[in-house]
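Here is the structure we will look at.
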Amino acid sequence: MTDMTDMTDNAFRRFSIGLTGGIGSGKSAVADMLARRGAAIIDTDQIAHALTAPGGAAIAPIVRVFGDSFLTAEGALDRNAMRERVFSDPTAKQQLEAILHPLIGQQTQIEAGRATGSYLVFVVPLLVESGRWKDRVDRVLVVDCSEALQIERVMRRSQLSAGQVRAIMSAQASREQRLAVADDVIVNDQPIERLEQAVAALHQRYLALAARPDTGSKAPV
C-alpha cells in the first residue's frame with residue numbers, strides 16, 4: 001500500500017537509495033543504522049501509518065468508501081480488518097490504493113524536499129510490486145533473509161500465526177523477484193554486530209557515490 005504514482009522529480013535530484021525487503025527481513029533496522037550515520041530516511045510505511053492514524057488525511061475517504069466498521073475505537077484504520085478485506089477482494093484493494101497512494105506520494109515528496117541528510121533513503125516495502133521505483137532511485141538495496149526467518153520474526157513481534165504471516169508474504173513480491181532488481185544486498189541472518197559492519201561498509205560506498213557529479217539525477221517515469 002505504499003506505491004506512489006504522483007511523485008515529481010524534485011525529490012530525486014539527490015543521490016537516492018530505494019530500500020526494500022520482505023516482511024520481517026529487517027528493513028527498519030537497516031534504515032535506522034543508515035540514519036545514525038547521516039542518511040535521510042523517508043519511510044513510506046510510516047507515512048501510511050500516519051495517514052491512517054486517528055485524524056489522518058486518509059481516514060475520511062476510507063470511511064466514505066468502506067464505512068466506519070474498518071476503524072478502531074480510537075478512530076484509526078483497523079489494519080487487521082482491512083488486511084482481511086483486501087486479501088479477499090481485489091476491488092477493495094484497488095479502492096484502498098486509490099485513496100492511499102496519492103496521499104503517500106504527496107507526503108513523501110514533502111519529506112524528501114525537507115531532508116538534510118547526506119543522501120536519501122526511501123524505505124518502500126512494495127518497491128518491486130510498484131514497478132516504478134527502480135527507475136526513480138540511483139540504487140536499490142534489498143534486505144534479505146530466509147522465509148523461515150521472516151515468519152519467525154513476524155510471529156514473535158506481531159502475535160500473528162504462521163498462516164497469517166504466509167498470507168502476507170504471498171501478497172508481496174517473492175524473494176527471487178526482489179533479488180533480481182537489487183543493486184546491493186544485505187543478508188540479515190547474522191548477529192547485530194555483523195549487520196552493523198555490513199551497513200557501515202555500504203554507507204561509505206553510498207557517500208562516495210553521492211559525491212560523484214553523475215549521480216542523483218534520476219527522475220520518475
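By convention here, the chains of the C-alpha cells are called A, B, ... in the order presented, each chain's residues are numbered starting at 1, and ligands are numbered starting at 1 in the order presented.
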### Task
Show which residues sit within 9 Å of region 55-67 of chain A, as a list in words. Count only C-alpha atoms, and ignore same-chain residues fewer than 6 positions away.
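Skipping anything fewer than 6 positions along the chain leaves Ala48, His49, Gly75, Ala76, Leu77, Ala92, Gln95, Leu96, Ile99, Leu100 and Leu103 of chain A.
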Could you dump the residues just selected with C-alpha atoms as a JSON list (two decimals), in the first residue's frame?
[["chain", "number", "residue", "atom", "x", "y", "z"],
["A", 48, "ALA", "CA", 0.96, 5.35, 5.55],
["A", 49, "HIS", "CA", 0.57, 4.71, 9.28],
["A", 75, "GLY", "CA", -10.60, 6.26, 15.04],
["A", 76, "ALA", "CA", -7.57, 4.74, 13.32],
["A", 77, "LEU", "CA", -7.69, 2.32, 10.42],
["A", 92, "ALA", "CA", -11.31, -3.35, -2.31],
["A", 95, "GLN", "CA", -10.07, 1.21, -3.85],
["A", 96, "LEU", "CA", -7.77, 1.44, -0.86],
["A", 99, "ILE", "CA", -7.03, 6.55, -1.61],
["A", 100, "LEU", "CA", -3.60, 5.96, -0.11],
["A", 103, "LEU", "CA", -1.58, 10.90, -0.29]]
Find the residues of region 77-175 of chain A that sit at most 12 Å from region 180-192 of chain A; for each, write down the nearest two atoms and how far apart they are in Å, to one decimal. Count only C-alpha atoms. Sort by chain, then by number going up, and give it as JSON lines.
{"residue": "A:Leu127", "atom": "CA", "partner": "A:Val181", "partner_atom": "CA", "distance": 9.7}
{"residue": "A:Val128", "atom": "CA", "partner": "A:Val181", "partner_atom": "CA", "distance": 7.6}
{"residue": "A:Glu129", "atom": "CA", "partner": "A:Val181", "partner_atom": "CA", "distance": 11.0}
{"residue": "A:Gly131", "atom": "CA", "partner": "A:Val181", "partner_atom": "CA", "distance": 10.3}
{"residue": "A:Arg132", "atom": "CA", "partner": "A:Val181", "partner_atom": "CA", "distance": 11.5}
{"residue": "A:Trp133", "atom": "CA", "partner": "A:Val181", "partner_atom": "CA", "distance": 10.2}
{"residue": "A:Lys134", "atom": "CA", "partner": "A:Val181", "partner_atom": "CA", "distance": 7.4}
{"residue": "A:Asp135", "atom": "CA", "partner": "A:Val181", "partner_atom": "CA", "distance": 10.7}
{"residue": "A:Val137", "atom": "CA", "partner": "A:Asp183", "partner_atom": "CA", "distance": 10.8}
{"residue": "A:Asp138", "atom": "CA", "partner": "A:Asp183", "partner_atom": "CA", "distance": 9.2}
{"residue": "A:Arg139", "atom": "CA", "partner": "A:Asp183", "partner_atom": "CA", "distance": 5.7}
{"residue": "A:Val140", "atom": "CA", "partner": "A:Ala182", "partner_atom": "CA", "distance": 5.1}
{"residue": "A:Leu141", "atom": "CA", "partner": "A:Asp184", "partner_atom": "CA", "distance": 4.7}
{"residue": "A:Val142", "atom": "CA", "partner": "A:Val185", "partner_atom": "CA", "distance": 4.9}
{"residue": "A:Val143", "atom": "CA", "partner": "A:Ile186", "partner_atom": "CA", "distance": 4.9}
{"residue": "A:Asp144", "atom": "CA", "partner": "A:Val187", "partner_atom": "CA", "distance": 4.8}
{"residue": "A:Cys145", "atom": "CA", "partner": "A:Asn188", "partner_atom": "CA", "distance": 5.5}
{"residue": "A:Ser146", "atom": "CA", "partner": "A:Asp189", "partner_atom": "CA", "distance": 7.8}
{"residue": "A:Glu147", "atom": "CA", "partner": "A:Asp189", "partner_atom": "CA", "distance": 10.9}
{"residue": "A:Ala148", "atom": "CA", "partner": "A:Asp189", "partner_atom": "CA", "distance": 10.8}
{"residue": "A:Leu149", "atom": "CA", "partner": "A:Asp189", "partner_atom": "CA", "distance": 7.8}
{"residue": "A:Gln150", "atom": "CA", "partner": "A:Asp189", "partner_atom": "CA", "distance": 9.8}
{"residue": "A:Glu152", "atom": "CA", "partner": "A:Asp189", "partner_atom": "CA", "distance": 11.9}
{"residue": "A:Arg153", "atom": "CA", "partner": "A:Asp189", "partner_atom": "CA", "distance": 11.0}
{"residue": "A:Ala173", "atom": "CA", "partner": "A:Ala180", "partner_atom": "CA", "distance": 10.8}
{"residue": "A:Ser174", "atom": "CA", "partner": "A:Ala180", "partner_atom": "CA", "distance": 9.9}
{"residue": "A:Arg175", "atom": "CA", "partner": "A:Ala180", "partner_atom": "CA", "distance": 8.7}
Go ahead and save the residues from that selection, with C-alpha atoms, as a compact mmCIF listing (two decimals), in the first residue's frame.
# COMPACT_ATOMS: atom_id res chain seq x y z
CA LEU A 127 9.17 -1.32 -4.21
CA VAL A 128 9.23 -4.31 -6.56
CA GLU A 129 5.46 -4.58 -6.77
CA GLY A 131 7.12 -1.45 -10.95
CA ARG A 132 8.25 2.19 -10.94
CA TRP A 133 10.81 2.68 -8.20
CA LYS A 134 13.71 1.01 -9.99
CA ASP A 135 13.89 4.00 -12.35
CA VAL A 137 16.32 5.90 -7.43
CA ASP A 138 20.02 5.54 -8.11
CA ARG A 139 20.33 2.16 -6.39
CA VAL A 140 18.03 -0.48 -4.94
CA LEU A 141 19.10 -2.02 -1.63
CA VAL A 142 17.39 -5.30 -0.68
CA VAL A 143 17.49 -6.62 2.88
CA ASP A 144 17.26 -10.39 2.53
CA CYS A 145 16.80 -13.41 4.78
CA SER A 146 15.21 -16.84 4.56
CA GLU A 147 11.43 -17.12 4.50
CA ALA A 148 11.56 -19.27 7.64
CA LEU A 149 13.34 -16.47 9.48
CA GLN A 150 10.83 -13.91 8.19
CA GLU A 152 9.68 -16.49 12.93
CA ARG A 153 10.39 -12.77 13.36
CA ALA A 173 6.98 -9.98 -4.33
CA SER A 174 8.94 -13.18 -3.94
CA ARG A 175 12.42 -13.27 -2.55
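Neighbours of region 113-120 of chain A closer than or equal to 7 Å, with only C-alpha atoms counted and sequence neighbours fewer than 2 positions away skipped, come out as Ala11, Arg14, Phe15, Ser16, Ile17, Gly38, Ala39, Ala40, Ile41, Gln109, Ile110, Glu111, Phe122 and Ala210 of chain A.
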- Message: If I take CA of Asn80 (chain A) and CA of Gln164 (chain A), how far is one from the other in Å, to one decimal?
- Response: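 Result for CA of Asn80 (chain A) versus CA of Gln164 (chain A): 10.4 Å, one decimal.
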Can you tell me how far CA of Leu19 (chain A) sits from CA of Glu193 (chain A), in Å to one decimal?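 Between CA of Leu19 (chain A) and CA of Glu193 (chain A) the gap works out to 20.1 Å.
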- Which of region 156-192 of chain A DSSP labels strand (DSSP E or B), written as a ChimeraX atom specification: /A:184-187
